[in-house]
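This report refers to the structure that appears directly beneath it.
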Amino acid sequence: MLNEKRFDAPVIHVVSESPRLEMLQTRLRQAGLRPVPVRGSYLPPDAAPALIDALTLRNNLEGFENRLIIMIGKSKAGAADIHLADVSQIESLPARIAIRQRETQRQREIQLRARTAQKLGARQSVSTPTKRARLLWLGQDAPFLNAIKASLGEGAVTLVAAISRLTAEDYLTSGGFQTLVLCPASPEDEAAKLLASVKTLSTPISPRVVLLLRPELTKQIDSAALAQADQIIDLTAEVDVLAEQLQTIASDSVSTLETGHAAQAGVEDRATGLVSREYLESHVQAQMQQADEFVSALSVIAFKLSGSTDLRHVAQVIRSHLRDTDLAGRLDANHICITLPETDYRGAVILARRIEEALDGSVTWRAIERRQFHTLKTLLGGLTAKSLLTKKRTA
């Protein structure tokens with residue numbers, strides 16, 4: 001059947017030799033990916049991830065630029081973004097790829113917002129954390145927890161261990177933790193359940209979710225749940241290495257994106273707390289250029305407000321539904337706009353409907369996926385333009 005051939009599955013280039021090549025391709029197909037074997041020493045000229053088999057690699061490869069590299073095998077030789085110790089971890093590869101792609105997108109957006117703010121002369125914040133990092137831990141049967149806690153304490157990171165999923169949820173809704181570490185011992189325990197639901201929690205800040213994954217759980221935890229994590233760390237490293245990784249993540253989480261609300265002089269709209277029209281236009285222009293550079297999608301949504309709308313409340317609800325990389329701003333007196341990098345029209349519609357439902361249908365919206373013919377003026381102007389039907393009715 002056509003569906004079994006997975007023509008719509010994500011492509012991954014495979015560098016290996018028979019008989020392992022055939023085995024790896026089978027495993028990748030079972031994981032939901034579409035493997036394409038690489039011939040010779042050049043990777044194809046596109047941005048698809050590449051899986052390199054360390055056991056059969058014979059030649060130096062070229063074409064690593066702007067590409068996610070996965071290395072499989074006991075050896076960690078060479079530069080790799082993701083390392084798989086053996087084929088049993090291929091099951092989790094789609095989730096690991098999605099996580100790394102999100103992080104890459106996040107870092108691009110951080111840099112892009114900094115350049116936009118600088119262009120407008122806004123005051124730049126220093127990336128040095130201004131407060132002690134706080135890390136929330138949920139996981140049973142972790143004899144190394146005390147050693148990690150002590151090591152993190154030396155590095156100015158406070159670790160608090162929650163005794164249950166409900167306790168952890170209460171901590172998160174308090175907004176006092178920038179990082180959540182989940183260490184499940186089984187696919188049905190409290191940590192695993194929180195992993196599956198953490199992104200649906202209503203929290204003042206969105207914590208970075210780190211999953212400490214035991215090798216034996218790779219196939220047992222659903223791939224959709226794995227993808228909820230912002231980072232996966234395999235529990236195969238030494239305790240001191242593990243503590244160092246958590247230290248870096250926790251410290252980085254304190255000074256994550258300088259927020260889409262941009263509380264900096266000159267870029268904030270006072271009525272909503274979102275970014276100003278000037279900042280929004282400048283940033284969308286930069287996002288359009290970046291979308292061209294990386295051949296990626298870019299969508300925008302505009303919500304139309306009524307005269308009696310509580311602007312601050314609407315802005316708060318909209319902001320609570322956004323990812324780190326999404327940005328909300330004041331488009332004009334009657335519209336709030338959201339920019340969605342690396343998001344197609346379908347994704348924009350899904351988000352718009354969620355926000356509409358959260359606001360009890362008190363707003364109307366329009367979504368547009370940016371096309372090559374769009375200029376900044378036609379893209380943002382299309383969000384507020386009246387349709388021909390509306391014009392006829394008001395004529």
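Quick note on naming: the chains in the structure tokens go A, B, ... in the order shown, residues restart at 1 in each chain, and ligands are numbered from 1 in order of appearance.
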May I have the residues within 9 Å of range 38-47 of chain A as a VMD selection string, using only C-alpha atoms and disregarding those fewer than 2 positions away in the same chain? chain A and resid 13 to 16 36 49 to 50 59 to 68 294
Go ahead and save the picked residues with C-alpha atoms, as a PDB file, in the first residue's frame.
```pdb
ATOM      1  CA  HIS A  13      20.643  10.430   4.974  1.00  0.00           C
ATOM      2  CA  VAL A  14      22.463   7.267   6.050  1.00  0.00           C
ATOM      3  CA  VAL A  15      26.216   6.771   5.803  1.00  0.00           C
ATOM      4  CA  SER A  16      26.972   3.093   6.310  1.00  0.00           C
ATOM      5  CA  VAL A  36      18.271   7.620   1.955  1.00  0.00           C
ATOM      6  CA  PRO A  49      19.744  15.156   9.039  1.00  0.00           C
ATOM      7  CA  ALA A  50      22.510  12.627   8.433  1.00  0.00           C
ATOM      8  CA  ASN A  59      36.182   8.152   4.382  1.00  0.00           C
ATOM      9  CA  ASN A  60      36.099  11.768   5.478  1.00  0.00           C
ATOM     10  CA  LEU A  61      32.739  13.246   4.560  1.00  0.00           C
ATOM     11  CA  GLU A  62      31.921  16.715   3.281  1.00  0.00           C
ATOM     12  CA  GLY A  63      28.659  18.636   3.391  1.00  0.00           C
ATOM     13  CA  PHE A  64      28.152  18.980   7.176  1.00  0.00           C
ATOM     14  CA  GLU A  65      27.203  22.676   6.997  1.00  0.00           C
ATOM     15  CA  ASN A  66      23.717  23.628   8.265  1.00  0.00           C
ATOM     16  CA  ARG A  67      22.916  19.991   8.928  1.00  0.00           C
ATOM     17  CA  LEU A  68      22.062  17.906  11.994  1.00  0.00           C
ATOM     18  CA  PHE A 294      17.150  28.507   5.674  1.00  0.00           C
TER      19      PHE A 294
END
```
Quick one: residues within 9 Å of Ile69 in chain A, only C-alpha atoms, excluding same-chain residues fewer than 3 positions away - as a PyMOL selection string? chain A and resi 49-52+64+79-83
Output file for the selection above: C-alpha atoms, as a PDB file, in the first residue's frame:
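Full text of result.pdb as output:
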```
ATOM      1  CA  PRO A  49      19.744  15.156   9.039  1.00  0.00           C
ATOM      2  CA  ALA A  50      22.510  12.627   8.433  1.00  0.00           C
ATOM      3  CA  LEU A  51      23.075   9.410  10.381  1.00  0.00           C
ATOM      4  CA  ILE A  52      26.709   8.286  10.317  1.00  0.00           C
ATOM      5  CA  PHE A  64      28.152  18.980   7.176  1.00  0.00           C
ATOM      6  CA  ALA A  79      31.539  16.159  15.520  1.00  0.00           C
ATOM      7  CA  ALA A  80      27.994  14.984  16.195  1.00  0.00           C
ATOM      8  CA  ASP A  81      24.904  16.801  17.430  1.00  0.00           C
ATOM      9  CA  ILE A  82      23.313  13.539  18.617  1.00  0.00           C
ATOM     10  CA  HIS A  83      25.127  10.379  19.647  1.00  0.00           C
TER      11      HIS A  83
END
```
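Between Leu213 in chain A and the candidates A:Glu281, A:Asp234, A:Asp170, A:Glu22, the tightest atom-to-atom separation, counting only C-alpha atoms, involves A:Asp234.
Nearest residue to Gln178 in chain A among A:Glu103, A:Asp332, A:Asp252, A:Asp326 is A:Asp252, counting only C-alpha atoms.
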When distances are computed from only C-alpha atoms, which of A:Trp365, A:His283, A:Ala315, A:Gln25 shows the smallest separation from Val267 in chain A? A:His283
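Closest to Leu311 in chain A among A:Ile336, A:Ala48, A:Ala224, A:Leu136 is A:Ile336, based on only C-alpha atoms.
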Taking the DSSP assignment computed from this structure's backbone, write out as a ChimeraX atom specification all residues of range 258-334 of chain A that belong to strand (DSSP E). /A:298-304,327-332
Could the residues in this selection be written to a file with N, CA and C atoms, as a PDB file, in the first residue's frame?
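Result file part_33.pdb:
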```pdb
ATOM      1  N   LEU A 298       7.259  30.566   7.488  1.00  0.00           N
ATOM      2  CA  LEU A 298       7.010  31.675   8.410  1.00  0.00           C
ATOM      3  C   LEU A 298       5.538  32.042   8.279  1.00  0.00           C
ATOM      4  N   SER A 299       4.829  32.054   9.401  1.00  0.00           N
ATOM      5  CA  SER A 299       3.411  32.414   9.382  1.00  0.00           C
ATOM      6  C   SER A 299       3.148  33.539  10.373  1.00  0.00           C
ATOM      7  N   VAL A 300       2.064  34.265  10.124  1.00  0.00           N
ATOM      8  CA  VAL A 300       1.644  35.335  11.027  1.00  0.00           C
ATOM      9  C   VAL A 300       0.143  35.214  11.274  1.00  0.00           C
ATOM     10  N   ILE A 301      -0.277  35.646  12.452  1.00  0.00           N
ATOM     11  CA  ILE A 301      -1.694  35.652  12.819  1.00  0.00           C
ATOM     12  C   ILE A 301      -2.034  37.025  13.360  1.00  0.00           C
ATOM     13  N   ALA A 302      -3.222  37.534  13.032  1.00  0.00           N
ATOM     14  CA  ALA A 302      -3.709  38.771  13.619  1.00  0.00           C
ATOM     15  C   ALA A 302      -5.036  38.512  14.314  1.00  0.00           C
ATOM     16  N   PHE A 303      -5.170  38.967  15.556  1.00  0.00           N
ATOM     17  CA  PHE A 303      -6.418  38.867  16.300  1.00  0.00           C
ATOM     18  C   PHE A 303      -7.058  40.248  16.337  1.00  0.00           C
ATOM     19  N   LYS A 304      -8.314  40.318  15.886  1.00  0.00           N
ATOM     20  CA  LYS A 304      -9.030  41.588  15.888  1.00  0.00           C
ATOM     21  C   LYS A 304      -9.782  41.740  17.203  1.00  0.00           C
ATOM     22  N   LEU A 327       6.448  35.358  18.745  1.00  0.00           N
ATOM     23  CA  LEU A 327       6.479  36.735  19.229  1.00  0.00           C
ATOM     24  C   LEU A 327       5.134  37.415  18.991  1.00  0.00           C
ATOM     25  N   ALA A 328       4.614  38.069  20.029  1.00  0.00           N
ATOM     26  CA  ALA A 328       3.343  38.795  19.915  1.00  0.00           C
ATOM     27  C   ALA A 328       3.598  40.288  20.035  1.00  0.00           C
ATOM     28  N   GLY A 329       2.917  41.063  19.204  1.00  0.00           N
ATOM     29  CA  GLY A 329       3.098  42.511  19.224  1.00  0.00           C
ATOM     30  C   GLY A 329       1.824  43.230  18.848  1.00  0.00           C
ATOM     31  N   ARG A 330       1.774  44.529  19.127  1.00  0.00           N
ATOM     32  CA  ARG A 330       0.631  45.388  18.800  1.00  0.00           C
ATOM     33  C   ARG A 330       0.745  45.823  17.351  1.00  0.00           C
ATOM     34  N   LEU A 331      -0.168  45.361  16.516  1.00  0.00           N
ATOM     35  CA  LEU A 331      -0.125  45.704  15.100  1.00  0.00           C
ATOM     36  C   LEU A 331      -0.738  47.069  14.851  1.00  0.00           C
ATOM     37  N   ASP A 332      -1.901  47.316  15.440  1.00  0.00           N
ATOM     38  CA  ASP A 332      -2.531  48.639  15.404  1.00  0.00           C
ATOM     39  C   ASP A 332      -3.527  48.706  16.553  1.00  0.00           C
TER      40      ASP A 332
END
```
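For Leu28 in chain A, the non-local neighbours within 9 Å, defined as residues at least 3 positions apart in the same chain or in other chains and counting only C-alpha atoms, are Ile12, Met23, Leu24, Gln25, Ala31, Gly32, Leu33, Arg34, Pro35, Ile90, Glu91 and Leu93 of chain A.
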Taking only range 50-268 of chain A into account, list the residues labelled alpha helix (DSSP H) by DSSP (computed from the backbone), as a PyMOL selection string. chain A and resi 93-119+145-154+165-173+190-197+223-226+239-254
Which is closest to Leu135 in chain A among A:Val181, A:Ala291, A:Ala358, A:Val239, if we use only C-alpha atoms? A:Val181
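All residues of protein, DNA or RNA that reach within 6 Å of Leu182 in chain A, judged by only C-alpha atoms and not counting those fewer than 3 positions away in the chain, are A:Leu138, A:Gly139, A:Ala191, A:Leu211.
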Could you save the residues just selected, with C-alpha atoms, as a PDB file, in the first residue's frame?
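Writing the result to result15.pdb gives the following:
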```pdb
ATOM      1  CA  LEU A 138      11.024  14.455  39.845  1.00  0.00           C
ATOM      2  CA  GLY A 139      12.116  10.842  39.698  1.00  0.00           C
ATOM      3  CA  ALA A 191       7.907  11.384  36.163  1.00  0.00           C
ATOM      4  CA  LEU A 211      14.624  14.047  30.434  1.00  0.00           C
TER       5      LEU A 211
END
```
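The coordinates place CA of Leu274 in chain A at 26.6 Å from CA of Arg134 in chain A.
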Which residue gives the smallest distance to Ser296 in chain A among A:Arg277, A:Lys377, A:Arg370, A:Arg312, with only C-alpha atoms counted? A:Arg370
Distance query Leu84 in chain A at most 7 Å, only C-alpha atoms, self and fewer than 5 positions along chain excluded, as a ChimeraX atom specification: /A:71-73,89
Could the residues in this selection be written to a file with N, CA and C atoms, as a compact mmCIF listing (two decimals), in the first residue's frame?
```txt
# COMPACT_ATOMS: atom_id res chain seq x y z
N MET A 71 25.55 10.47 15.13
CA MET A 71 26.56 9.42 15.08
C MET A 71 26.05 8.22 15.86
N ILE A 72 26.18 7.02 15.28
CA ILE A 72 25.76 5.81 15.97
C ILE A 72 26.94 4.87 16.11
N GLY A 73 27.11 4.34 17.32
CA GLY A 73 28.23 3.46 17.60
C GLY A 73 28.87 3.83 18.92
N GLN A 89 18.54 2.66 20.37
CA GLN A 89 18.13 4.04 20.62
C GLN A 89 17.52 4.71 19.40
```
So which residues touch Ser164 in chain A within 7 Å, counting only C-alpha atoms, skipping near sequence neighbours fewer than 3 positions away, as a compact mmCIF listing (two decimals) with C-alpha atoms, in the first residue's frame?
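The resulting file, around.txt, is reproduced below:
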```txt
# COMPACT_ATOMS: atom_id res chain seq x y z
CA THR A 167 3.70 18.41 44.11
CA ALA A 168 5.85 19.07 41.07
CA GLU A 190 5.01 9.90 38.13
```
